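Quick look at data_38.txt (compact mmCIF, C-alpha atoms):
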# COMPACT_ATOMS: atom_id res chain seq x y z
CA MET A 1 -94.88 297.20 42.65
CA ASN A 2 -94.25 300.16 40.33
CA ILE A 3 -91.20 299.43 38.14
CA GLU A 4 -89.84 302.96 38.68
CA LEU A 5 -89.73 302.25 42.41
CA PHE A 6 -88.61 298.64 42.15
CA ILE A 7 -85.49 299.30 40.04
CA PRO A 8 -83.84 301.78 42.48
CA LEU A 9 -84.67 299.44 45.38
CA LEU A 10 -83.16 296.51 43.49
CA ILE A 11 -79.98 298.46 42.68
CA GLY A 12 -79.65 299.80 46.22
CA PHE A 13 -80.22 296.40 47.82
CA THR A 14 -77.76 294.70 45.47
CA LEU A 15 -75.15 297.35 46.21
CA PHE A 16 -75.59 296.91 49.96
CA LEU A 17 -75.23 293.13 49.76
CA SER A 18 -72.28 293.36 47.37
CA VAL A 19 -70.30 295.71 49.62
CA LYS A 20 -71.12 293.68 52.73
CA PHE A 21 -70.26 290.34 51.16
CA SER A 22 -67.07 291.62 49.53
CA ASN A 23 -65.87 293.01 52.86
CA TYR A 24 -66.73 289.73 54.56
CA ILE A 25 -64.70 287.68 52.06
CA ILE A 26 -61.85 290.16 51.52
CA LYS A 27 -61.34 292.02 54.75
CA LEU A 28 -59.98 295.55 54.63
CA ASP A 29 -59.07 297.80 57.51
CA ILE A 30 -60.45 301.32 57.41
CA GLU A 31 -57.60 303.70 56.68
CA ASN A 32 -57.01 306.45 59.24
CA VAL A 33 -57.53 309.62 57.21
CA LYS A 34 -57.87 313.31 58.04
CA TYR A 35 -61.20 313.72 56.24
CA PRO A 36 -63.20 310.49 56.73
CA GLU A 37 -66.41 312.01 55.38
CA ILE A 38 -64.69 312.66 52.04
CA ASP A 39 -63.71 309.00 51.93
CA GLY A 40 -67.34 308.24 52.73
CA ILE A 41 -68.73 310.04 49.70
CA ARG A 42 -66.17 308.89 47.12
CA GLY A 43 -67.54 305.36 46.79
CA TYR A 44 -71.01 306.64 45.96
CA LEU A 45 -69.58 309.04 43.38
CA GLY A 46 -67.78 306.16 41.67
CA PHE A 47 -70.98 304.10 41.76
CA PHE A 48 -72.99 306.98 40.30
CA VAL A 49 -70.54 307.12 37.38
CA PHE A 50 -71.32 303.43 36.82
CA LEU A 51 -75.07 304.21 36.73
CA HIS A 52 -74.37 307.11 34.38
CA HIS A 53 -72.59 304.83 31.92
CA SER A 54 -75.21 302.11 32.38
CA TYR A 55 -77.84 304.54 31.13
CA ILE A 56 -75.64 305.65 28.22
CA TRP A 57 -75.15 301.97 27.29
CA LYS A 58 -78.93 301.52 27.35
CA ILE A 59 -79.37 304.25 24.74
CA TYR A 60 -76.31 303.16 22.75
CA LEU A 61 -77.61 299.61 22.37
CA LYS A 62 -80.83 301.00 20.87
CA ASN A 63 -79.49 303.61 18.44
CA ASN A 64 -75.70 303.14 18.29
CA ILE A 65 -75.10 306.67 19.61
CA TRP A 66 -72.87 307.27 22.65
CA ASP A 67 -74.05 310.55 24.13
CA HIS A 68 -74.83 312.30 27.39
CA PRO A 69 -78.12 311.18 28.99
CA LYS A 70 -81.10 313.42 28.32
CA LEU A 71 -82.47 312.69 31.78
CA ASN A 72 -81.05 315.20 34.26
CA LEU A 73 -80.53 312.70 37.07
CA PHE A 74 -78.46 310.25 35.04
CA ASN A 75 -76.37 313.01 33.50
CA HIS A 76 -75.65 314.43 36.96
CA PHE A 77 -74.69 310.93 38.12
CA GLY A 78 -71.72 311.28 35.80
CA GLU A 79 -70.96 314.97 35.52
CA THR A 80 -71.59 316.08 39.11
CA SER A 81 -69.65 313.07 40.39
CA VAL A 82 -66.64 313.98 38.23
CA VAL A 83 -66.94 317.64 39.29
CA LEU A 84 -66.86 316.53 42.92
CA PHE A 85 -63.84 314.30 42.23
CA PHE A 86 -61.99 317.32 40.81
CA ILE A 87 -63.04 319.52 43.75
CA ILE A 88 -61.87 316.84 46.21
CA THR A 89 -58.49 316.52 44.47
CA SER A 90 -57.94 320.26 44.52
CA PHE A 91 -59.11 320.61 48.13
CA LEU A 92 -56.84 317.85 49.46
CA PHE A 93 -53.65 319.01 47.77
CA VAL A 94 -54.13 322.73 48.32
CA SER A 95 -54.83 321.93 51.99
CA LYS A 96 -51.49 320.10 52.07
CA LEU A 97 -49.82 323.19 50.69
CA ILE A 98 -51.45 325.44 53.27
CA ASN A 99 -50.50 323.09 56.10
CA SER A 100 -46.91 322.85 54.85
CA LYS A 101 -46.16 326.55 55.39
CA GLY A 102 -42.81 326.90 57.13
CA LYS A 103 -41.81 323.41 56.00
CA GLU A 104 -40.06 322.23 52.88
CA PHE A 105 -42.46 320.65 50.40
CA ASN A 106 -40.88 317.59 48.81
CA TRP A 107 -41.92 317.86 45.16
CA ASN A 108 -40.15 314.68 44.07
CA LYS A 109 -41.91 312.66 46.74
CA TYR A 110 -45.21 314.30 45.83
CA ILE A 111 -45.15 313.47 42.11
CA ILE A 112 -43.80 309.94 42.70
CA SER A 113 -46.60 309.25 45.19
CA ARG A 114 -49.13 310.36 42.56
CA PHE A 115 -47.55 307.99 40.05
CA TYR A 116 -47.79 305.00 42.41
CA ARG A 117 -51.34 305.95 43.35
CA LEU A 118 -52.76 306.19 39.83
CA PHE A 119 -50.54 304.32 37.39
CA PRO A 120 -50.45 300.66 38.58
CA MET A 121 -54.22 300.19 38.75
CA TYR A 122 -54.67 302.06 35.48
CA ILE A 123 -52.10 299.91 33.70
CA PHE A 124 -53.81 296.77 35.00
CA THR A 125 -57.13 297.81 33.44
CA ILE A 126 -55.47 298.99 30.23
CA CYS A 127 -53.85 295.56 29.84
CA ILE A 128 -57.35 294.08 30.00
CA VAL A 129 -58.44 296.57 27.33
CA PHE A 130 -55.56 295.38 25.11
CA ILE A 131 -56.52 291.73 25.63
CA ILE A 132 -60.13 292.48 24.70
CA VAL A 133 -58.99 294.36 21.58
CA ILE A 134 -56.86 291.41 20.49
CA TYR A 135 -59.78 289.02 20.99
CA ALA A 136 -62.36 291.33 19.37
CA THR A 137 -60.16 291.75 16.27
CA ASN A 138 -59.75 287.97 15.94
CA PHE A 139 -56.02 288.01 16.81
CA GLU A 140 -55.32 289.72 13.48
CA MET A 141 -53.23 292.82 12.81
CA LYS A 142 -55.73 295.07 11.03
CA ASP A 143 -53.70 298.27 11.25
CA SER A 144 -50.04 299.09 10.63
CA LEU A 145 -47.61 298.22 13.40
CA LEU A 146 -46.66 301.88 13.79
CA ASN A 147 -50.28 302.98 14.25
CA ILE A 148 -50.91 300.20 16.76
CA ILE A 149 -47.83 301.21 18.77
CA LYS A 150 -48.92 304.86 18.71
CA SER A 151 -52.44 304.02 19.86
CA VAL A 152 -51.13 301.72 22.61
CA PHE A 153 -48.83 304.46 23.90
CA SER A 154 -51.75 306.89 23.86
CA TRP A 155 -53.81 304.58 26.04
CA VAL A 156 -50.90 303.79 28.37
CA PHE A 157 -50.35 307.49 29.04
CA PHE A 158 -53.90 308.11 30.26
CA SER A 159 -55.31 308.71 26.76
CA VAL A 160 -53.88 312.21 26.93
CA ASN A 161 -54.64 312.79 23.23
CA GLY A 162 -58.04 311.11 23.41
CA SER A 163 -59.20 307.50 23.39
CA VAL A 164 -57.99 306.56 19.92
CA ASP A 165 -59.03 303.29 18.31
CA ILE A 166 -56.59 300.37 18.63
CA ASN A 167 -55.99 298.05 15.67
CA LEU A 168 -58.94 299.69 13.86
CA LEU A 169 -61.42 298.39 16.44
CA ASP A 170 -64.28 300.86 16.04
CA LYS A 171 -65.09 302.81 19.22
CA THR A 172 -62.38 301.15 21.31
CA PHE A 173 -63.30 303.57 24.11
CA LEU A 174 -66.49 301.55 24.71
CA ILE A 175 -64.37 298.87 26.40
CA ASN A 176 -63.88 301.06 29.48
CA SER A 177 -66.69 303.56 28.83
CA GLY A 178 -64.11 306.24 28.06
CA VAL A 179 -63.42 306.93 31.75
CA ALA A 180 -59.76 307.83 31.17
CA TRP A 181 -60.62 311.35 29.94
CA THR A 182 -60.60 312.69 33.52
CA LEU A 183 -57.09 311.46 34.35
CA PRO A 184 -55.14 313.97 32.19
CA TYR A 185 -56.98 316.74 34.05
CA GLU A 186 -55.95 315.21 37.37
CA TRP A 187 -52.33 315.12 36.19
CA MET A 188 -52.47 318.66 34.86
CA PHE A 189 -53.70 319.87 38.22
CA TYR A 190 -50.85 318.00 39.96
CA LEU A 191 -48.43 319.79 37.65
CA LEU A 192 -49.99 323.17 38.43
CA LEU A 193 -49.46 322.76 42.16
CA PRO A 194 -46.01 324.44 42.22
CA LEU A 195 -47.55 327.52 40.60
CA ILE A 196 -50.39 327.45 43.12
CA ALA A 197 -47.81 327.14 45.91
CA LEU A 198 -46.35 330.51 44.94
CA PHE A 199 -49.67 332.18 45.81
CA PHE A 200 -49.25 330.83 49.34
CA LYS A 201 -45.69 332.19 49.47
CA ILE A 202 -44.23 328.70 49.52
CA LYS A 203 -40.76 328.48 48.01
CA VAL A 204 -40.54 326.29 44.94
CA PRO A 205 -37.21 325.39 43.29
CA ILE A 206 -37.02 327.15 39.94
CA LYS A 207 -36.17 323.89 38.12
CA THR A 208 -39.27 322.22 39.59
CA LEU A 209 -41.45 325.17 38.68
CA LEU A 210 -40.20 325.32 35.09
CA LEU A 211 -40.30 321.56 34.54
CA PHE A 212 -43.80 321.09 35.97
CA THR A 213 -45.14 324.11 34.07
CA PHE A 214 -43.56 322.96 30.80
CA ILE A 215 -45.06 319.46 31.10
CA PHE A 216 -48.43 321.01 32.00
CA LEU A 217 -48.39 323.16 28.85
CA VAL A 218 -47.41 320.17 26.70
CA LEU A 219 -50.27 318.09 28.12
CA LEU A 220 -52.67 321.01 27.74
CA PHE A 221 -51.73 321.30 24.07
CA ILE A 222 -51.83 317.55 23.31
CA ASN A 223 -55.06 316.98 25.22
CA GLN A 224 -56.72 320.07 23.69
CA SER A 225 -58.23 320.51 27.13
CA SER A 226 -61.36 322.49 27.77
CA LEU A 227 -60.64 325.24 30.28
CA LYS A 228 -64.19 324.77 31.62
CA ASN A 229 -63.10 321.46 33.10
CA PHE A 230 -60.60 323.29 35.34
CA ILE A 231 -63.33 325.36 37.04
CA PRO A 232 -64.16 322.66 39.67
CA PHE A 233 -60.52 322.75 40.82
CA LEU A 234 -61.10 326.40 41.77
CA GLY A 235 -63.96 325.21 43.96
CA GLY A 236 -61.57 322.91 45.78
CA ILE A 237 -59.09 325.74 46.31
CA LEU A 238 -61.90 327.88 47.78
CA CYS A 239 -62.90 325.06 50.15
CA ALA A 240 -59.29 324.72 51.33
CA LEU A 241 -59.00 328.46 51.96
CA LEU A 242 -62.27 328.63 53.90
CA LEU A 243 -61.53 325.52 55.96
CA ASN A 244 -58.11 326.80 56.95
CA ASN A 245 -59.33 330.32 57.78
CA SER A 246 -59.38 330.55 61.57
CA LYS A 247 -61.54 333.70 61.45
CA ILE A 248 -64.54 331.76 60.14
CA LYS A 249 -66.47 330.31 63.07
CA ILE A 250 -69.30 328.26 61.58
CA ASN A 251 -70.58 324.92 62.80
CA TRP A 252 -70.72 323.23 59.41
CA LYS A 253 -71.68 319.94 61.09
CA ASP A 254 -75.12 321.31 61.97
CA TYR A 255 -77.91 319.25 60.40
CA LYS A 256 -79.30 322.46 58.88
CA PHE A 257 -76.34 322.54 56.49
CA SER A 258 -77.00 318.89 55.60
CA LEU A 259 -80.58 319.76 54.68
CA LEU A 260 -79.48 322.88 52.82
CA GLY A 261 -76.94 320.86 50.82
CA LEU A 262 -79.59 318.31 49.85
CA VAL A 263 -82.02 321.05 48.82
CA PHE A 264 -79.36 322.77 46.67
CA LEU A 265 -78.45 319.43 45.10
CA PHE A 266 -82.08 318.67 44.30
CA LEU A 267 -82.56 322.09 42.70
CA SER A 268 -79.34 321.68 40.72
CA ILE A 269 -80.48 318.33 39.32
CA TYR A 270 -84.03 319.52 38.67
CA TYR A 271 -83.20 322.74 36.85
CA PHE A 272 -79.91 321.87 35.11
CA ASN A 273 -79.13 319.02 32.74
CA SER A 274 -75.38 319.39 33.28
CA GLY A 275 -73.29 319.31 36.44
CA LYS A 276 -70.58 321.32 34.68
CA LYS A 277 -72.49 324.61 34.63
CA ILE A 278 -71.56 327.35 37.06
CA LEU A 279 -74.47 327.06 39.52
CA PRO A 280 -74.23 323.24 39.79
CA ILE A 281 -70.45 323.59 40.34
CA ILE A 282 -71.15 326.13 43.11
CA THR A 283 -73.60 323.63 44.62
CA SER A 284 -70.98 320.86 44.46
CA THR A 285 -68.42 323.19 46.04
CA PHE A 286 -70.82 323.99 48.89
CA ILE A 287 -71.48 320.29 49.48
CA LEU A 288 -67.76 319.52 49.60
CA LEU A 289 -67.21 322.50 51.91
CA ILE A 290 -69.58 321.18 54.56
CA ILE A 291 -68.35 317.60 54.14
CA SER A 292 -64.70 318.65 54.51
CA ASN A 293 -65.64 320.41 57.73
CA GLY A 294 -66.90 317.13 59.19
CA ASN A 295 -70.55 317.12 58.14
CA SER A 296 -71.41 313.44 57.64
CA PHE A 297 -74.99 314.00 56.42
CA PHE A 298 -76.66 312.50 59.48
CA GLY A 299 -73.83 310.01 60.05
CA PHE A 300 -74.22 308.39 56.64
CA LEU A 301 -70.82 309.34 55.20
CA SER A 302 -68.86 308.52 58.35
CA SER A 303 -70.34 305.02 58.70
CA ASN A 304 -68.02 302.02 58.36
CA PHE A 305 -70.05 300.89 55.33
CA SER A 306 -69.52 304.17 53.45
CA ARG A 307 -65.85 304.43 54.36
CA LYS A 308 -65.04 300.87 53.30
CA PHE A 309 -66.99 301.45 50.11
CA GLY A 310 -65.08 304.69 49.54
CA GLN A 311 -61.69 303.01 49.72
CA ILE A 312 -62.28 301.07 46.48
CA THR A 313 -63.51 304.09 44.49
CA TYR A 314 -60.65 304.25 41.99
CA SER A 315 -61.00 300.56 41.16
CA ILE A 316 -64.77 300.94 40.72
CA TYR A 317 -64.17 303.90 38.42
CA LEU A 318 -61.76 301.99 36.20
CA ILE A 319 -63.36 298.54 36.26
CA HIS A 320 -67.09 299.18 35.80
CA GLY A 321 -66.75 300.01 32.10
CA LEU A 322 -64.87 296.75 31.45
CA VAL A 323 -67.62 294.73 33.12
CA LEU A 324 -70.37 296.50 31.16
CA PHE A 325 -68.59 295.93 27.85
CA ILE A 326 -67.86 292.26 28.53
CA VAL A 327 -71.48 291.62 29.56
CA PHE A 328 -73.05 293.40 26.58
CA ARG A 329 -70.54 292.35 23.90
CA PHE A 330 -69.59 288.80 24.89
CA VAL A 331 -72.14 287.46 27.41
CA ILE A 332 -75.45 288.78 26.04
CA GLY A 333 -74.49 290.23 22.68
CA PHE A 334 -75.33 293.71 21.41
CA GLN A 335 -78.37 292.61 19.42
CA LYS A 336 -80.05 290.71 22.25
CA ALA A 337 -79.14 293.42 24.75
CA ALA A 338 -80.91 295.99 22.56
CA GLU A 339 -84.12 293.95 22.84
CA LEU A 340 -84.16 293.79 26.65
CA SER A 341 -87.17 295.26 28.43
CA GLU A 342 -86.70 298.05 30.97
CA LEU A 343 -86.89 295.61 33.88
CA GLU A 344 -84.62 293.06 32.19
CA TYR A 345 -82.02 295.70 31.37
CA TRP A 346 -81.78 297.12 34.89
CA GLY A 347 -81.89 293.59 36.24
CA ILE A 348 -78.73 292.88 34.22
CA ILE A 349 -77.17 296.10 35.53
CA SER A 350 -77.99 295.00 39.08
CA LEU A 351 -76.27 291.67 38.42
CA CYS A 352 -73.17 293.59 37.26
CA ILE A 353 -72.86 295.32 40.63
CA PHE A 354 -71.45 292.36 42.55
CA PRO A 355 -68.58 291.52 40.16
CA ILE A 356 -67.66 295.22 39.96
CA ILE A 357 -67.54 295.60 43.75
CA PHE A 358 -65.87 292.24 44.37
CA ILE A 359 -63.19 292.72 41.71
CA SER A 360 -62.61 296.28 42.95
CA GLN A 361 -62.12 294.96 46.46
CA ILE A 362 -59.49 292.52 45.15
CA THR A 363 -57.67 295.07 42.99
CA PHE A 364 -57.67 297.71 45.73
CA LYS A 365 -56.07 295.32 48.19
CA ASN A 366 -53.60 293.69 45.82
CA ILE A 367 -52.74 296.51 43.44
CA GLU A 368 -53.68 299.94 44.79
CA LEU A 369 -52.89 299.33 48.45
CA TYR A 370 -49.79 297.29 47.61
CA PHE A 371 -48.21 300.13 45.63
CA ILE A 372 -49.34 302.79 48.10
CA ASN A 373 -47.54 300.90 50.86
CA TYR A 374 -44.56 300.16 48.59
CA ASN A 375 -44.15 303.87 47.96
CA LYS A 376 -44.41 304.67 51.68
CA ARG A 377 -41.72 302.09 52.50
CA ASN A 378 -39.35 303.42 49.88
CA SER A 379 -39.92 307.16 50.15
Please lay out the structure from this file as structure tokens.
Amino acid sequence: MNIELFIPLLIGFTLFLSVKFSNYIIKLDIENVKYPEIDGIRGYLGFFVFLHHSYIWKIYLKNNIWDHPKLNLFNHFGETSVVLFFIITSFLFVSKLINSKGKEFNWNKYIISRFYRLFPMYIFTICIVFIIVIYATNFEMKDSLLNIIKSVFSWVFFSVNGSVDINLLDKTFLINSGVAWTLPYEWMFYLLLPLIALFFKIKVPIKTLLLFTFIFLVLLFINQSSLKNFIPFLGGILCALLLNNSKIKINWKDYKFSLLGLVFLFLSIYYFNSGKKILPIITSTFILLIISNGNSFFGFLSSNFSRKFGQITYSIYLIHGLVLFIVFRFVIGFQKAAELSELEYWGIISLCIFPIIFISQITFKNIELYFINYNKRNS
């Protein structure tokens, strides 16, 4: 069999078995959500980010350069997936604003729920990063205590000022593949929501508006954020406006829109190396628009498999980098990993899929879901 055909089949088959087996061992109920198809796509987006970083690791092991993939498909696996994550975030929360018209929006409850949703799982993975740093630096203090404390605080607070090295461990970000860079943007969007609410003529307490805006500006300055990375959030706002416009009578569930979305996605990947350019972002916005209107892409996204897979997305996103680093640094070793053949390398990546999915299933149930429910009980 042609290796170029065998590798995708191997990865796909391993993913299928991993999700099935993990759900058999650690049973999870499917959450009742308003947009099940969005849940259905999220798991695949998280998995594509894993493939994106797997390819980057492949190049890094050869030439010691961590850079965007030159192959369009693997770069889109990362960039288009992140763009869609941002569009989804924006769509969901702006939709909440639109649907809350005439009601009081509880801003304290909103920001606390975001904290419980993102922080516990993130802190768990960051603690693993710290343990790995301690081990990799031979339990020695190689930097000043002040610098170590500063770098630890930076990592704890979502690497808002970048993934700085800890205890002089070169390229500390490799431990989690640098995934934390997206989280400050998520938080900055959350902080912008009161301003966005004003456009929908929703009353916002002046103290809330000033406090949220001030913190947003501080994060924007510290993070030195690229304004280009905020463009996908506009796509989510557009989706929310179109979905909640009663004058638009379009059957977005029609299979023709599914085919059209796939064609646009193919063209975007074929002609553009980056998912962050305007036309690919428009394509991603269109795809989210039809999905948010109930288009399941021939039933694929609404299946129990996809929805269960989608529930553990955040854990997959945070954990996959840890697994890749541990495998290449401690199990195989960088030097031996650099000498792997194409088939051997992707065989190793396929073997990484099960621990990523299985651990994500455990952490979702015992960390993410626990704190989600804790917040609901106490809010």
Using only C-alpha atoms for the distances, tell me which of A:Ile250, A:Glu342, A:Ile231, A:Gly178 is nearest to Ser90 in chain A. A:Ile231
As a PyMOL selection string, please: the residues near Asn273 in chain A (cut-off 8 Å, all atoms listed in the file, same-chain neighbours under 5 positions excluded). chain A and resi 70-73+75-76
Taken to one decimal, the CA of Leu198 in chain A-CA of Val160 in chain A distance is 26.8 Å
Report as JSON lines: every residue of range 63-161 of chain A with an atom at most 12 Å from range 216-230 of chain A, its closest pair of atoms, and their distance in Å to one decimal, counting all atoms listed in the file, with rows sorted by chain and ascending residue number.
{"residue": "A:Glu79", "atom": "CA", "partner": "A:Asn229", "partner_atom": "CA", "distance": 10.5}
{"residue": "A:Thr80", "atom": "CA", "partner": "A:Asn229", "partner_atom": "CA", "distance": 11.7}
{"residue": "A:Val82", "atom": "CA", "partner": "A:Asn229", "partner_atom": "CA", "distance": 9.7}
{"residue": "A:Val83", "atom": "CA", "partner": "A:Asn229", "partner_atom": "CA", "distance": 8.2}
{"residue": "A:Leu84", "atom": "CA", "partner": "A:Asn229", "partner_atom": "CA", "distance": 11.6}
{"residue": "A:Phe85", "atom": "CA", "partner": "A:Asn229", "partner_atom": "CA", "distance": 11.6}
{"residue": "A:Phe86", "atom": "CA", "partner": "A:Phe230", "partner_atom": "CA", "distance": 8.2}
{"residue": "A:Ile87", "atom": "CA", "partner": "A:Phe230", "partner_atom": "CA", "distance": 9.5}
{"residue": "A:Thr89", "atom": "CA", "partner": "A:Phe230", "partner_atom": "CA", "distance": 11.6}
{"residue": "A:Ser90", "atom": "CA", "partner": "A:Phe230", "partner_atom": "CA", "distance": 10.0}
{"residue": "A:Ser154", "atom": "CA", "partner": "A:Ile222", "partner_atom": "CA", "distance": 10.7}
{"residue": "A:Phe157", "atom": "CA", "partner": "A:Leu219", "partner_atom": "CA", "distance": 10.6}
{"residue": "A:Phe158", "atom": "CA", "partner": "A:Asn223", "partner_atom": "CA", "distance": 10.3}
{"residue": "A:Ser159", "atom": "CA", "partner": "A:Asn223", "partner_atom": "CA", "distance": 8.4}
{"residue": "A:Val160", "atom": "CA", "partner": "A:Asn223", "partner_atom": "CA", "distance": 5.2}
{"residue": "A:Asn161", "atom": "CA", "partner": "A:Asn223", "partner_atom": "CA", "distance": 4.7}
For Ile25 in chain A, list every protein, DNA or RNA residue within 10 Å, evaluated using all atoms listed in the file, and leave out those in the same chain fewer than 2 positions away; present the list as an MDAnalysis selection string. chainID A and resid 20:23 27:28 358 361:362
Considering only C-alpha atoms, can you say which of A:Ile215, A:Ile88, A:Val331, A:Ala240 comes closest to Met188 in chain A?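 Of A:Ile215, A:Ile88, A:Val331, A:Ala240, the one nearest Met188 in chain A, counting only C-alpha atoms, is A:Ile215.
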Which is closest to Lys308 in chain A among A:Val133, A:Ile291, A:Ile357, A:Val164, if we use all atoms listed in the file? A:Ile357
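With all atoms listed in the file as the atoms that count, the minimum distance from Phe297 in chain A to the choices A:Glu344, A:Asp29, A:Glu339, A:Asp254 is reached by A:Asp254.
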Nearest to Ser151 in chain A: which of A:Phe214, A:Phe130, A:Phe16, A:Tyr190 is it, counting all atoms listed in the file?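 Using all atoms listed in the file, Ser151 in chain A sits closest to A:Phe130.
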Please, which residues are within 10 Å of (-58.4, 301.0, 52.4) by the file's coordinates, counting only C-alpha atoms, and could they come as an MDAnalysis selection string? chainID A and resid 27:33 39 307:313 361 364:365 368:369
Could you pull the residues within 7 Å of Asn293 in chain A, counting all atoms listed in the file, minus those fewer than 3 positions along the same chain, as number ranges by chain? A: 243, 252-253, 289-290
Under the rule that all atoms listed in the file are counted, which of A:Pro194, A:Tyr135, A:Leu242, A:Gly235 is the nearest residue to Leu279 in chain A? A:Gly235
Residues within 12 Å of Leu193 in chain A, all atoms listed in the file, excluding chain neighbours under 4 positions, as JSON, numbers by chain: {"A": [89, 90, 91, 92, 93, 94, 95, 96, 97, 98, 105, 107, 110, 111, 186, 187, 188, 189, 197, 198, 199, 200, 202, 203, 204, 208, 209, 210, 211, 212, 213, 216, 233, 237]}
